[in-house]
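Some notes on the structure that comes next.
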Amino acid sequence: MIRTRFAPSPTGFLHIGNFKMALTDFILAKQNGGEFVLRIEDTDRERLVDGAMESLLRTLKWAGIEPDEGVKFDLNNKIVQIGGKGPYIQSERLSIYRQFVNELINNNHAYYCFCSKERLDEVRKIQELNKQASGYDGHCRNISLEEAKKMIEAGESAVVRMKMPKEGVTKFTDLIRGEVSFENKLVDDQVILKSDGFPTYHLAVVVDDHLMKITHIVRGEEWLSSTPKHIELYKMFGWQPPLFAHLPLLLNPDRSKLSKRQGDVAVEDYIKKGYLPEAVINFVAFLGWNPGDEREIFSLEELVKEFSLEKVNKAGAVFNLEKLDWYNREYLKKMSNEELVKRCGVLFEEKYHISDNKCQIALDKVVGLEKERATTLVELVENVKFVFELGEYEAELLVWKKSDKAKTKENLAKLSQILAKLSDFSKEKLELVIGEWLKAENIGTGDVLWPMRVALSGQKNSPGPYEIAEVLGKDESLRRINQAIAKL
RNA sequence: GGCCCUAUCGUCUAAUGGUUAGGACCUAUGAUUCUCAAUCAUGUAAUACGGGUUCGAUUCCCGUUGGGGCUACCA
């Protein structure tokens, strides 16, 4: 059975690139009837951010990516750990790591290192000057265990380094890139246990993935060059390494690694702006993957059905907001008004203080006005402002370019009379009645529809007049039209 | 600097040892139209470069160049 995991560090909001990894891990597990594990990698005590774990979980939940095992919200939105092989938060697993580090030390696969930061900096500087490969020079590699223990007892600060073999080549087959190989002598003696007693990523990830029976490691390409260290650790422990798949990275428009400087990188930013999870998932999944035909719209369920690692591209992909916008518009157009009202609920509440479901039916129509025009939820809610509050506008705006003020006033007055007699204010009925009138009297549509639309919306650009009139209802529509007549 | 990964329109990508190199986004033009959208039609636009292998290479190999990653007691 396939078991994948997503293992974020709680150092801030969920990065869109990491989101892509989580999505891929989730899809891969789900499509094979496997399990998806969520683990928290909080071994860097200095970069911990309060509330980051909650934020990460909230974002994943928004996207419908929830783990079968590991850390998640329960029904009361409390963070819990589920599954049998926990804990799933690394800071709660310190004794486990210590035990495996000791095993490595006792088997001569790891050693204590007492080098100061200053010495390490010096070594690096010299290597750089000599244009050599940089890395630890092995200064403490041959200190005997007895001697090391004495130094520790004497109070010296130490880290533990893994003992990389000095010859040979580490080869592995990446599911995306094929065979990759590294010369062992160029691989560093990585620190695996820090002086604060916490493991580094490299040790913790290997131990946890093994203990948690992870079969496929799907992660970003930035990990490719540390994979030989991980493979070597599996070897030292006598464990079977899992399969690796290193996904291409997301890029800025200038093709550098996607970074905060050039735009929003946190998924939360996109949630706040009113992007739909469907659109973000579809967009991000299609960065570096496609089904091989010309379909572009894929739900999470369809992705689970059709995604395959073999078709994933090798090169990084520019994170192109214009395409995201397009996806969001597509999903907005497709969505039922009812569902859209649900999604916009909080935004309506914040902006117009409309909250309870008494207004649901009305909101349904309001939302329909803009769903083909807006790009995001926030924009949609903003754009229907005129329904709740008719803004100020100049009388000149009422006059269509091919018309004049007198004619406009006359037309609106007649329109007002006609509407006053109507009981059915549906847009179909309005269109029919007004259409007949225009035809009968041979009046150009623009001569009436333009001023009517402006009178109802107060805006240069807006939805059509019939639609707006239907949403506003008879009383409010007439009030606005008569107000416009008074202006002229 | 060292090591590793990578290269098709501006962007995301499809395809094949032989094609008019396809689609989507963006963009331009036209149609529609009361405005903005939406919609429909049409157009512009790509195999980084140099060597091989081959009857033939965008595809396979090598090199160059470009881009990216790693090179921490960060992940």
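Chain labels A, B, ... are given in the sequence in which chains occur in the structure tokens; within each chain residues are numbered consecutively from 1, and ligands are likewise numbered from 1 in the order shown.
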* **Residue list (helix (DSSP H, G or I), DSSP) for region 172-363 of chain A, as number ranges by chain** => A: 184-186, 201-211, 221-237, 260-262, 267-273, 277-285, 300-306, 309-311, 321-334, 337-352, 357-363
* Asked: What residues in chain A have any atom no more than 6 Å from chain B when counting only C-alpha atoms (C1' of nucleotides), and can you write them as a PyMOL selection string?
  -> chain A and resi 131+133+194+222+225+294+315+323+373+446+449-450+461-462
Residue subset to file, keeping C-alpha atoms, as an mmCIF file, in the first residue's frame:
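Once written, result_34.cif looks like this:
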data_model
loop_
_atom_site.group_PDB
_atom_site.id
_atom_site.type_symbol
_atom_site.label_atom_id
_atom_site.label_comp_id
_atom_site.auth_asym_id
_atom_site.auth_seq_id
_atom_site.Cartn_x
_atom_site.Cartn_y
_atom_site.Cartn_z
ATOM 1 C CA LYS A 131 38.117 26.895 -5.424
ATOM 2 C CA ALA A 133 34.302 21.818 -3.029
ATOM 3 C CA LYS A 194 22.399 19.618 17.041
ATOM 4 C CA GLU A 222 15.624 21.582 -3.540
ATOM 5 C CA SER A 225 21.157 17.049 -3.610
ATOM 6 C CA GLU A 294 -6.516 19.255 -24.334
ATOM 7 C CA ALA A 315 11.820 21.805 -15.461
ATOM 8 C CA LYS A 323 -3.777 31.762 -15.761
ATOM 9 C CA ARG A 373 -17.767 39.563 -14.642
ATOM 10 C CA GLY A 446 -29.463 52.502 -26.488
ATOM 11 C CA LEU A 449 -31.372 50.895 -22.021
ATOM 12 C CA TRP A 450 -28.275 52.973 -21.401
ATOM 13 C CA ASN A 461 -20.108 49.808 -16.529
ATOM 14 C CA SER A 462 -22.473 47.341 -14.945
#
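Atom pair CA of Val159 (chain A) / CA of Tyr88 (chain A) has a distance of 24.2 Å (rounded to one decimal).
Between CA of Leu249 (chain A) and CA of Ser226 (chain A) there is a distance of 15.8 Å.
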* **Who sits within 10 Å of Gly135 (chain A), only C-alpha atoms (C1' of nucleotides), same chain under 5 positions skipped, as a ChimeraX atom specification** => /A:120,123-124,127,186-190 /B:2,71
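Counting only C-alpha atoms (C1' of nucleotides), Gln99 (chain A) has the following residues at most 12 Å away, ignoring those fewer than 5 positions along the same chain: Arg93, Leu94, Leu104, Ile105, Asn106, Leu193, Gly197, Pro199, Leu203, Ala204, Val207 and Phe237 of chain A.
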Write to file, as a short mmCIF file (atom, residue, chain, number, x, y, z; two decimals), in the first residue's frame, the residues of the selection just made, with C-alpha atoms.
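Result written to result12.cif:
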data_model
loop_
_atom_site.label_atom_id
_atom_site.label_comp_id
_atom_site.auth_asym_id
_atom_site.auth_seq_id
_atom_site.Cartn_x
_atom_site.Cartn_y
_atom_site.Cartn_z
CA ARG A 93 9.93 12.46 19.34
CA LEU A 94 13.30 13.54 20.73
CA LEU A 104 24.84 5.18 14.66
CA ILE A 105 27.54 6.33 17.05
CA ASN A 106 28.00 2.87 18.51
CA LEU A 193 22.06 16.00 16.00
CA GLY A 197 19.59 17.97 21.45
CA PRO A 199 17.92 16.35 15.33
CA LEU A 203 18.11 12.49 10.55
CA ALA A 204 14.54 13.14 11.59
CA VAL A 207 13.87 7.98 11.00
CA PHE A 237 20.42 1.61 9.70
#
* Between B:U27, B:C9, B:G17, B:U44, which has the minimum distance to G56 (chain B) (counting only C-alpha atoms (C1' of nucleotides))? -> B:G17
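The coordinates place CA of Met21 (chain A) at 7.4 Å from CA of Phe6 (chain A).
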